[in-house]
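Novice: Before anything else, here's the structure in question.
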Amino acid sequence: MSAALLDIDHVSKRFVKHPNLGERIASLVGAGRKAEVVRAVTDVSLTVQKGEVVGLVGESGCGKSTLGRIVAGIYTPSDGRILFGNAPVAKEQGRRTQKLTTRVQMVHQDPFASLNPRIRIGDTVAEGPVTHRIVKAREADSYVADILGRVGLDPSYRRRFPHQFSGGQRQRIAIARALAMKPDLLVLDEPVASLDVSIQAQVLNLFMDLRQDLDLTAIFISHDLGVVRHVSDRVAIMYLGRIVELAPTAELYAAPNHPYTRALFESVPRVGVGRKDFRPIAGEIPSPLNPPSGCHFHPRCPFTGPRCKREAPALAPIGPGRSSACHLNTGGTA
Amino acid sequence: MSEAVLRVKDLRTQFKTRAGVLKAVDGVSFEVGRGRILGLVGESGSGKSVTGYSILGLIEPPGEIAGGEVLLNGQDLTRLKSEAMRKIRGAQIAMVFQDPMMTLNPVLKIGTQMIAAVRAHDRVSRKVARGRARDALAKVGIPSPEERLDSYPHQLSGGMRQRVAIAIALLHNPAVILADEPTTALDVSIQGQILAEVRRLADETGTAFVWVTHDLAVVSSLADDICVMYAGRVVETGPAADVIASPRHPYTAGLLASVPAEHEPGTRLPQVPGSTPSLANLPPGCAFAPRCAKAGPACTTTPPVQHFEDGRTALCNYPIEPVSCQPLSSTSTTYRSAS
């Protein structure tokens, strides 16, 4: 513990849709449109300690996947920086960056899309470690067998192709591929969202076993509050590109602070509570192309006030290890 | 329970493939009363969607309905010619699909599509049809419905599009609406809104819903009754609250136990071993037996439907004992052996 493995330092990511040729010509005659900017992630700071699992929760368009991809080195941040073991990543060029980024591995949502259908799964798992000289090519076969055994697959399956596996098995293969790189940090992007409930439990159990055996550090991205609660030590709730609340899991679920977090918990259907009166959050999730001013949640928030429209609240500490971005926490009135 | 508006009896749908005849729906029976919501629950490959398509007569070759009845207010839909079925589909029984972007025509305005849907069954003027379309949009909670009629589907969000799909299903005040995973593609806050609307619509309009889903939490908080499917058969039925509180079939129990939200964080989840079987390669007898902790020698033959005195059923030789209820011996069996 103690030393931060990953430090996300005021990171923002903007995607710009540049005007095409026709639009550029149109703009010359004064009829053009400006470049559209999607602010996928805005000024997010988060540290992940060694051995910790941090859950990232939010609805579509909240930037959780973009943030995961920035951490994994797939996107470079527009602003801010990522520090990995106190060394900055992503803006450096060449060998060093490559070496750093292999220390972060990603597991994607859809195991039907993330595995190459024409490559035997043994070769898929071996490719990374052989290329980066983690194992020698002639030892790769036994290395792969060992990793597959670890994720609960019969090592003899390594000559098979992805289509010969079910969804749950494929997700195990995707996890094996990530683990084969001996990563310091795993980024799991909705790893169980596409699986059936009974298979979900198998993959979650596998993840918790691996975590115990290998002392994994992970960022676990999901929209499923129940899943995140089960596997994470801390949870960050995101809304439209910003973290609105960050807290240790047990405390967050016991007493959510931010109005969005509370509303989210309210609208989640649960097994075993019987027929309930839904009190859903009013309104739509705004487009990140054109987010509301001030606090992004203010048009849907039951406690909104004039200040919320003008001024975006900062993510401020509200207790030991907890922070929340809401004007209600600072000075009473919104 | 009130008079059933939809009664499915021993429905069998099969697909003829090179691998043999696949029994996607194998003797499914259930019923739904006026204004009730039935949750049809199952994992992928359980036959829940095919059941929905069979009820609406949407099965095409190589699939066919091989037996059974679908009684809508007493009329057997499986015997109708396609022309007669067209008159009923959309008017008396309607369907809402998972992806509203696939059901709505992207190049037509919402209003155009809805007016066409009204006039497909009723000879009314465009103006009257437009009024009914606007009322239907208002009924499902769409703000400023008049303007929305002039929108194209891409101008609406996913949740709004699904509301439009439900509004179209409601246009003719059907007796039954079948909804196939209608909120699976939506975010939780939007799903909450839709579920609240559906609950209200069922109570206010008396429309019965068959809600096809894999999500037990949705069923638990929405449905009146539950029907759990596995490998083409109904394995358990009963009032939703009772089934959730005390499942009788080991598969239902396994599914409920593996929901993470119900466990102490960080602990191992009880898991159902193995994976759902392929329909081409089903084990003889109970299809769940290879994954079942309670399976015994009797499970190599198809188990009987056990009727319990509280109106619940389970397709199992060794049903789980509830705290305060004894199983009765099976007297009438609507399911027959698959072999």
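The way I read the labels, and the way they are meant: chains A, B, ... in the order of the structure tokens, residue 1 as the first residue of every chain, and ligand 1 as the first ligand shown, with later ones counted on from there.
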With a distance cut-off of 6 Å and only C-alpha atoms, select the neighbouring residues of range 303-307 of chain B, excluding the residue or stretch itself and same-chain residues fewer than 6 positions from it, and output the selection as a PyMOL selection string.
Specialist: chain B and resi 313-317+330
Novice: Could you write those residues out with C-alpha atoms, as an mmCIF file, in the first residue's frame?
Specialist:
data_model
loop_
_atom_site.group_PDB
_atom_site.id
_atom_site.type_symbol
_atom_site.label_atom_id
_atom_site.label_comp_id
_atom_site.auth_asym_id
_atom_site.auth_seq_id
_atom_site.Cartn_x
_atom_site.Cartn_y
_atom_site.Cartn_z
ATOM 1 C CA THR B 313 -45.349 -24.908 -10.370
ATOM 2 C CA ALA B 314 -41.858 -26.312 -10.869
ATOM 3 C CA LEU B 315 -40.556 -28.739 -13.457
ATOM 4 C CA CYS B 316 -38.368 -30.746 -11.144
ATOM 5 C CA ASN B 317 -38.033 -34.143 -9.493
ATOM 6 C CA SER B 330 -48.736 -33.986 -9.797
#
Novice: Which residues are close to range 190-195 of chain A, i.e. within 8 Å by only C-alpha atoms, leaving aside same-chain residues fewer than 2 positions away? Reply as an MDAnalysis selection string.
Specialist: chainID A and resid 107:110 167:168 171 188 197 199:200 203:204 220:223
Novice: Kindly determine which residues of chain B lie within 8 Å of chain A, considering only C-alpha atoms, and give the answer as a count of residues only.
Specialist: 46
Novice: Could you give me, as a PyMOL selection string, the residues within 12 Å of Met114 in chain B, counting only C-alpha atoms and dropping anything in the same chain fewer than 5 positions from it?
Specialist: chain B and resi 90+103-105+108-109+119-121+126-137+148-153+164-172
Novice: With C-alpha atoms retained, could you export that selection as a short mmCIF file (atom, residue, chain, number, x, y, z; two decimals), in the first residue's frame?
Specialist:
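Result written to again-v1.cif:
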data_model
loop_
_atom_site.label_atom_id
_atom_site.label_comp_id
_atom_site.auth_asym_id
_atom_site.auth_seq_id
_atom_site.Cartn_x
_atom_site.Cartn_y
_atom_site.Cartn_z
CA GLY B 90 -50.91 -4.57 -33.77
CA THR B 103 -38.33 -0.97 -35.20
CA LEU B 104 -38.59 2.66 -36.24
CA ASN B 105 -38.03 3.60 -39.84
CA LEU B 108 -39.86 8.64 -41.79
CA LYS B 109 -41.05 11.09 -39.18
CA ARG B 119 -54.78 3.62 -40.23
CA ALA B 120 -53.57 0.06 -40.74
CA HIS B 121 -56.43 -1.09 -38.54
CA ARG B 126 -55.20 11.50 -41.03
CA LYS B 127 -56.20 14.26 -38.69
CA VAL B 128 -57.93 11.90 -36.28
CA ALA B 129 -55.04 9.45 -36.55
CA ARG B 130 -52.57 12.21 -35.76
CA GLY B 131 -54.59 13.14 -32.71
CA ARG B 132 -54.52 9.55 -31.50
CA ALA B 133 -50.78 9.36 -32.12
CA ARG B 134 -50.27 12.52 -30.07
CA ASP B 135 -52.39 11.15 -27.24
CA ALA B 136 -50.41 7.91 -27.24
CA LEU B 137 -47.12 9.81 -26.99
CA ARG B 148 -42.17 15.04 -31.40
CA LEU B 149 -44.54 13.85 -34.13
CA ASP B 150 -42.49 15.90 -36.57
CA SER B 151 -39.17 14.51 -35.35
CA TYR B 152 -37.18 11.78 -37.03
CA PRO B 153 -36.09 8.81 -34.91
CA VAL B 164 -42.28 5.88 -28.95
CA ALA B 165 -42.18 2.12 -29.61
CA ILE B 166 -44.37 1.54 -26.56
CA ALA B 167 -46.71 4.34 -27.70
CA ILE B 168 -47.07 2.66 -31.10
CA ALA B 169 -47.86 -0.63 -29.38
CA LEU B 170 -50.52 1.18 -27.33
CA LEU B 171 -52.23 2.88 -30.31
CA HIS B 172 -55.03 0.33 -30.60
#
Novice: Any idea what's packed within 8 Å of range 128-144 of chain A, counting only C-alpha atoms, ignoring anything in its chain fewer than 2 positions away? Could you give it as number ranges by chain?
Specialist: A: 122, 124-126, 146-148, 155, 158, 177, 180-181
Novice: Using backbone DSSP assignments, extract all strand (DSSP E or B) residues from range 4-84 of chain A; output them as number ranges by chain.
Specialist: A: 4-17, 36-49, 53-57, 79-84
Novice: Let me make sure I understand: among B:Ala91, B:Ala298, B:Ala138, B:Leu282, which one has the smallest atom-to-atom distance to Leu201 in chain B if we use only C-alpha atoms?
Specialist: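 Once distances to Leu201 in chain B are computed over only C-alpha atoms, the minimum belongs to B:Ala138.
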Novice: Have a look at A:Leu216, A:Ile243, A:Ala4, A:Ala35 and name the one nearest to Lys17 in chain A; count only C-alpha atoms.
Specialist: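 So, comparing all the options, the nearest one is A:Ala35.
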Novice: With DSSP run on the backbone, what are the helix (DSSP H, G or I) residues within range 132-183 of chain A? I'd like them as a ChimeraX atom specification.
Specialist: /A:137-150,155-159,162-164,167-179
Novice: Mind writing the picked residues with N, CA and C atoms as an mmCIF file, in the first residue's frame?
Specialist:
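Produced file selection21.cif, reproduced below:
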data_model
loop_
_atom_site.group_PDB
_atom_site.id
_atom_site.type_symbol
_atom_site.label_atom_id
_atom_site.label_comp_id
_atom_site.auth_asym_id
_atom_site.auth_seq_id
_atom_site.Cartn_x
_atom_site.Cartn_y
_atom_site.Cartn_z
ATOM 1 N N ALA A 137 10.245 -17.542 -27.010
ATOM 2 C CA ALA A 137 9.275 -18.156 -27.914
ATOM 3 C C ALA A 137 9.123 -19.650 -27.658
ATOM 4 N N ARG A 138 10.239 -20.331 -27.350
ATOM 5 C CA ARG A 138 10.081 -21.779 -27.191
ATOM 6 C C ARG A 138 9.473 -22.162 -25.843
ATOM 7 N N GLU A 139 9.445 -21.211 -24.924
ATOM 8 C CA GLU A 139 8.776 -21.502 -23.646
ATOM 9 C C GLU A 139 7.329 -21.035 -23.623
ATOM 10 N N ALA A 140 6.935 -20.379 -24.730
ATOM 11 C CA ALA A 140 5.614 -19.746 -24.738
ATOM 12 C C ALA A 140 4.501 -20.758 -24.506
ATOM 13 N N ASP A 141 4.647 -21.947 -25.092
ATOM 14 C CA ASP A 141 3.576 -22.931 -25.021
ATOM 15 C C ASP A 141 3.244 -23.320 -23.578
ATOM 16 N N SER A 142 4.267 -23.590 -22.791
ATOM 17 C CA SER A 142 3.991 -23.995 -21.416
ATOM 18 C C SER A 142 3.523 -22.787 -20.595
ATOM 19 N N TYR A 143 4.027 -21.600 -20.972
ATOM 20 C CA TYR A 143 3.593 -20.376 -20.293
ATOM 21 C C TYR A 143 2.090 -20.161 -20.496
ATOM 22 N N VAL A 144 1.647 -20.343 -21.753
ATOM 23 C CA VAL A 144 0.230 -20.170 -22.072
ATOM 24 C C VAL A 144 -0.603 -21.213 -21.334
ATOM 25 N N ALA A 145 -0.131 -22.446 -21.324
ATOM 26 C CA ALA A 145 -0.870 -23.510 -20.633
ATOM 27 C C ALA A 145 -1.063 -23.149 -19.166
ATOM 28 N N ASP A 146 -0.013 -22.599 -18.572
ATOM 29 C CA ASP A 146 -0.079 -22.214 -17.180
ATOM 30 C C ASP A 146 -1.112 -21.110 -16.947
ATOM 31 N N ILE A 147 -1.081 -20.090 -17.823
ATOM 32 C CA ILE A 147 -2.017 -18.966 -17.677
ATOM 33 C C ILE A 147 -3.463 -19.436 -17.878
ATOM 34 N N LEU A 148 -3.681 -20.286 -18.885
ATOM 35 C CA LEU A 148 -5.036 -20.760 -19.131
ATOM 36 C C LEU A 148 -5.553 -21.551 -17.929
ATOM 37 N N GLY A 149 -4.686 -22.351 -17.346
ATOM 38 C CA GLY A 149 -5.083 -23.090 -16.153
ATOM 39 C C GLY A 149 -5.500 -22.144 -15.043
ATOM 40 N N ARG A 150 -4.770 -21.049 -14.946
ATOM 41 C CA ARG A 150 -5.052 -20.072 -13.902
ATOM 42 C C ARG A 150 -6.439 -19.440 -14.044
ATOM 43 N N PRO A 155 -5.879 -26.361 -20.319
ATOM 44 C CA PRO A 155 -4.763 -25.938 -21.174
ATOM 45 C C PRO A 155 -4.786 -26.574 -22.563
ATOM 46 N N SER A 156 -5.440 -27.731 -22.698
ATOM 47 C CA SER A 156 -5.474 -28.370 -24.010
ATOM 48 C C SER A 156 -6.327 -27.583 -25.005
ATOM 49 N N TYR A 157 -7.082 -26.604 -24.510
ATOM 50 C CA TYR A 157 -7.912 -25.796 -25.399
ATOM 51 C C TYR A 157 -7.100 -24.814 -26.237
ATOM 52 N N ARG A 158 -5.772 -24.712 -25.994
ATOM 53 C CA ARG A 158 -5.071 -23.590 -26.610
ATOM 54 C C ARG A 158 -4.926 -23.711 -28.125
ATOM 55 N N ARG A 159 -5.237 -24.882 -28.689
ATOM 56 C CA ARG A 159 -5.193 -25.017 -30.146
ATOM 57 C C ARG A 159 -6.542 -24.655 -30.772
ATOM 58 N N PRO A 162 -11.553 -19.023 -31.284
ATOM 59 C CA PRO A 162 -12.551 -18.388 -30.404
ATOM 60 C C PRO A 162 -13.975 -18.883 -30.594
ATOM 61 N N HIS A 163 -14.363 -19.241 -31.841
ATOM 62 C CA HIS A 163 -15.774 -19.604 -32.031
ATOM 63 C C HIS A 163 -16.128 -20.893 -31.317
ATOM 64 N N GLN A 164 -15.131 -21.632 -30.862
ATOM 65 C CA GLN A 164 -15.419 -22.888 -30.168
ATOM 66 C C GLN A 164 -15.702 -22.671 -28.682
ATOM 67 N N GLY A 167 -19.469 -17.430 -24.350
ATOM 68 C CA GLY A 167 -19.141 -16.061 -23.954
ATOM 69 C C GLY A 167 -18.305 -15.993 -22.678
ATOM 70 N N GLY A 168 -18.694 -16.787 -21.683
ATOM 71 C CA GLY A 168 -17.958 -16.781 -20.423
ATOM 72 C C GLY A 168 -16.533 -17.266 -20.598
ATOM 73 N N GLN A 169 -16.370 -18.312 -21.408
ATOM 74 C CA GLN A 169 -15.024 -18.838 -21.655
ATOM 75 C C GLN A 169 -14.181 -17.818 -22.412
ATOM 76 N N ARG A 170 -14.801 -17.132 -23.369
ATOM 77 C CA ARG A 170 -14.054 -16.121 -24.116
ATOM 78 C C ARG A 170 -13.582 -15.009 -23.214
ATOM 79 N N GLN A 171 -14.438 -14.634 -22.246
ATOM 80 C CA GLN A 171 -14.012 -13.569 -21.352
ATOM 81 C C GLN A 171 -12.833 -14.048 -20.499
ATOM 82 N N ARG A 172 -12.824 -15.343 -20.149
ATOM 83 C CA ARG A 172 -11.663 -15.892 -19.441
ATOM 84 C C ARG A 172 -10.406 -15.806 -20.307
ATOM 85 N N ILE A 173 -10.562 -16.065 -21.608
ATOM 86 C CA ILE A 173 -9.414 -15.979 -22.521
ATOM 87 C C ILE A 173 -8.900 -14.542 -22.571
ATOM 88 N N ALA A 174 -9.840 -13.586 -22.635
ATOM 89 C CA ALA A 174 -9.441 -12.175 -22.690
ATOM 90 C C ALA A 174 -8.693 -11.786 -21.405
ATOM 91 N N ILE A 175 -9.148 -12.321 -20.275
ATOM 92 C CA ILE A 175 -8.450 -12.046 -19.010
ATOM 93 C C ILE A 175 -7.074 -12.706 -19.025
ATOM 94 N N ALA A 176 -6.989 -13.935 -19.569
ATOM 95 C CA ALA A 176 -5.704 -14.626 -19.665
ATOM 96 C C ALA A 176 -4.731 -13.827 -20.518
ATOM 97 N N ARG A 177 -5.226 -13.277 -21.620
ATOM 98 C CA ARG A 177 -4.350 -12.491 -22.494
ATOM 99 C C ARG A 177 -3.793 -11.280 -21.758
ATOM 100 N N ALA A 178 -4.641 -10.642 -20.956
ATOM 101 C CA ALA A 178 -4.172 -9.476 -20.206
ATOM 102 C C ALA A 178 -3.163 -9.896 -19.138
ATOM 103 N N LEU A 179 -3.457 -10.999 -18.429
ATOM 104 C CA LEU A 179 -2.571 -11.433 -17.346
ATOM 105 C C LEU A 179 -1.222 -11.916 -17.870
#
Novice: Neighbours of Leu67 in chain A within 9 Å (only C-alpha atoms; same-chain residues fewer than 6 positions away dropped), as a PyMOL selection string?
Specialist: chain A and resi 11-13+40-41+44+75+77+241
Novice: Please produce an output containing C-alpha atoms for each residue in the selection, written as a compact mmCIF listing (two decimals), in the first residue's frame.
Specialist:
# COMPACT_ATOMS: atom_id res chain seq x y z
CA VAL A 11 -6.88 14.72 -17.17
CA SER A 12 -9.25 15.91 -19.87
CA LYS A 13 -10.07 14.37 -23.21
CA ALA A 40 -15.62 13.12 -23.00
CA VAL A 41 -13.56 13.59 -19.84
CA VAL A 44 -10.51 14.20 -13.70
CA TYR A 75 -5.93 7.55 -26.08
CA PRO A 77 -5.14 12.95 -22.83
CA GLY A 241 -17.17 13.54 -18.05
Novice: Could you name the residues that touch Pro88 in chain A at 12 Å or less, counting only C-alpha atoms, but leaving out those on the same chain fewer than 6 positions away, as a PyMOL selection string?
Specialist: chain A and resi 5-9+71+73+76-77+80-82+96-97+100-101
Novice: Atoms to include: N, CA, C and O atoms. Write the selected residues as a PDB file, in the first residue's frame.
Specialist:
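Result file follows (selection-v8.pdb):
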ATOM      1  N   LEU A   5       0.157   3.759  -7.302  1.00  0.00           N
ATOM      2  CA  LEU A   5       0.639   3.105  -8.507  1.00  0.00           C
ATOM      3  C   LEU A   5       0.302   3.952  -9.727  1.00  0.00           C
ATOM      4  O   LEU A   5       1.092   4.119 -10.630  1.00  0.00           O
ATOM      5  N   LEU A   6      -0.924   4.495  -9.674  1.00  0.00           N
ATOM      6  CA  LEU A   6      -1.395   5.271 -10.821  1.00  0.00           C
ATOM      7  C   LEU A   6      -1.906   6.608 -10.306  1.00  0.00           C
ATOM      8  O   LEU A   6      -2.619   6.663  -9.315  1.00  0.00           O
ATOM      9  N   ASP A   7      -1.493   7.656 -10.982  1.00  0.00           N
ATOM     10  CA  ASP A   7      -1.958   8.980 -10.610  1.00  0.00           C
ATOM     11  C   ASP A   7      -2.523   9.656 -11.853  1.00  0.00           C
ATOM     12  O   ASP A   7      -1.785   9.966 -12.783  1.00  0.00           O
ATOM     13  N   ILE A   8      -3.833   9.809 -11.857  1.00  0.00           N
ATOM     14  CA  ILE A   8      -4.478  10.524 -12.958  1.00  0.00           C
ATOM     15  C   ILE A   8      -4.555  11.970 -12.516  1.00  0.00           C
ATOM     16  O   ILE A   8      -5.201  12.293 -11.525  1.00  0.00           O
ATOM     17  N   ASP A   9      -3.853  12.850 -13.238  1.00  0.00           N
ATOM     18  CA  ASP A   9      -3.644  14.199 -12.755  1.00  0.00           C
ATOM     19  C   ASP A   9      -4.336  15.201 -13.684  1.00  0.00           C
ATOM     20  O   ASP A   9      -3.829  15.513 -14.760  1.00  0.00           O
ATOM     21  N   VAL A  71      -6.054   5.594 -19.492  1.00  0.00           N
ATOM     22  CA  VAL A  71      -5.151   4.915 -18.550  1.00  0.00           C
ATOM     23  C   VAL A  71      -4.404   3.799 -19.265  1.00  0.00           C
ATOM     24  O   VAL A  71      -3.210   3.574 -19.056  1.00  0.00           O
ATOM     25  N   GLY A  73      -3.527   3.746 -22.228  1.00  0.00           N
ATOM     26  CA  GLY A  73      -2.627   4.260 -23.247  1.00  0.00           C
ATOM     27  C   GLY A  73      -3.191   4.196 -24.651  1.00  0.00           C
ATOM     28  O   GLY A  73      -2.476   4.389 -25.631  1.00  0.00           O
ATOM     29  N   THR A  76      -4.432   9.439 -25.905  1.00  0.00           N
ATOM     30  CA  THR A  76      -3.604  10.357 -25.126  1.00  0.00           C
ATOM     31  C   THR A  76      -4.509  11.471 -24.616  1.00  0.00           C
ATOM     32  O   THR A  76      -5.406  11.915 -25.323  1.00  0.00           O
ATOM     33  N   PRO A  77      -4.274  11.899 -23.375  1.00  0.00           N
ATOM     34  CA  PRO A  77      -5.139  12.945 -22.834  1.00  0.00           C
ATOM     35  C   PRO A  77      -4.929  14.277 -23.553  1.00  0.00           C
ATOM     36  O   PRO A  77      -3.825  14.577 -23.995  1.00  0.00           O
ATOM     37  N   GLY A  80      -3.624  17.543 -18.986  1.00  0.00           N
ATOM     38  CA  GLY A  80      -3.283  16.760 -17.806  1.00  0.00           C
ATOM     39  C   GLY A  80      -2.342  15.631 -18.154  1.00  0.00           C
ATOM     40  O   GLY A  80      -1.879  15.500 -19.296  1.00  0.00           O
ATOM     41  N   ARG A  81      -2.018  14.824 -17.147  1.00  0.00           N
ATOM     42  CA  ARG A  81      -1.079  13.741 -17.410  1.00  0.00           C
ATOM     43  C   ARG A  81      -1.384  12.549 -16.544  1.00  0.00           C
ATOM     44  O   ARG A  81      -2.066  12.651 -15.520  1.00  0.00           O
ATOM     45  N   ILE A  82      -0.867  11.425 -16.990  1.00  0.00           N
ATOM     46  CA  ILE A  82      -1.005  10.178 -16.255  1.00  0.00           C
ATOM     47  C   ILE A  82       0.371   9.835 -15.697  1.00  0.00           C
ATOM     48  O   ILE A  82       1.349   9.767 -16.452  1.00  0.00           O
ATOM     49  N   ARG A  96      10.448   3.879 -23.896  1.00  0.00           N
ATOM     50  CA  ARG A  96      10.074   3.979 -22.500  1.00  0.00           C
ATOM     51  C   ARG A  96       8.559   3.952 -22.350  1.00  0.00           C
ATOM     52  O   ARG A  96       8.026   3.230 -21.513  1.00  0.00           O
ATOM     53  N   THR A  97       7.881   4.705 -23.194  1.00  0.00           N
ATOM     54  CA  THR A  97       6.426   4.725 -23.154  1.00  0.00           C
ATOM     55  C   THR A  97       5.865   3.346 -23.443  1.00  0.00           C
ATOM     56  O   THR A  97       4.957   2.857 -22.774  1.00  0.00           O
ATOM     57  N   LEU A 100       6.188   1.262 -20.459  1.00  0.00           N
ATOM     58  CA  LEU A 100       5.224   1.632 -19.429  1.00  0.00           C
ATOM     59  C   LEU A 100       3.818   1.152 -19.784  1.00  0.00           C
ATOM     60  O   LEU A 100       3.100   0.635 -18.944  1.00  0.00           O
ATOM     61  N   THR A 101       3.449   1.337 -21.048  1.00  0.00           N
ATOM     62  CA  THR A 101       2.070   1.000 -21.389  1.00  0.00           C
ATOM     63  C   THR A 101       1.815  -0.500 -21.365  1.00  0.00           C
ATOM     64  O   THR A 101       0.688  -0.920 -21.176  1.00  0.00           O
TER      65      THR A 101
END
Novice: My list of candidates is A:Thr304, A:Phe165, A:Val16, A:Arg322. Which is closest to Pro111 in chain A when distances are computed with only C-alpha atoms?
Specialist: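 Ranked by minimum distance to Pro111 in chain A, first place goes to A:Phe165.
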Novice: Could you list, as JSON, numbers by chain, every residue within 8 Å of Met238 in chain A, counting only C-alpha atoms and ignoring same-chain residues fewer than 5 positions away?
Specialist: {"A": [56, 57, 58, 59, 62, 63, 64, 243, 244, 245]}
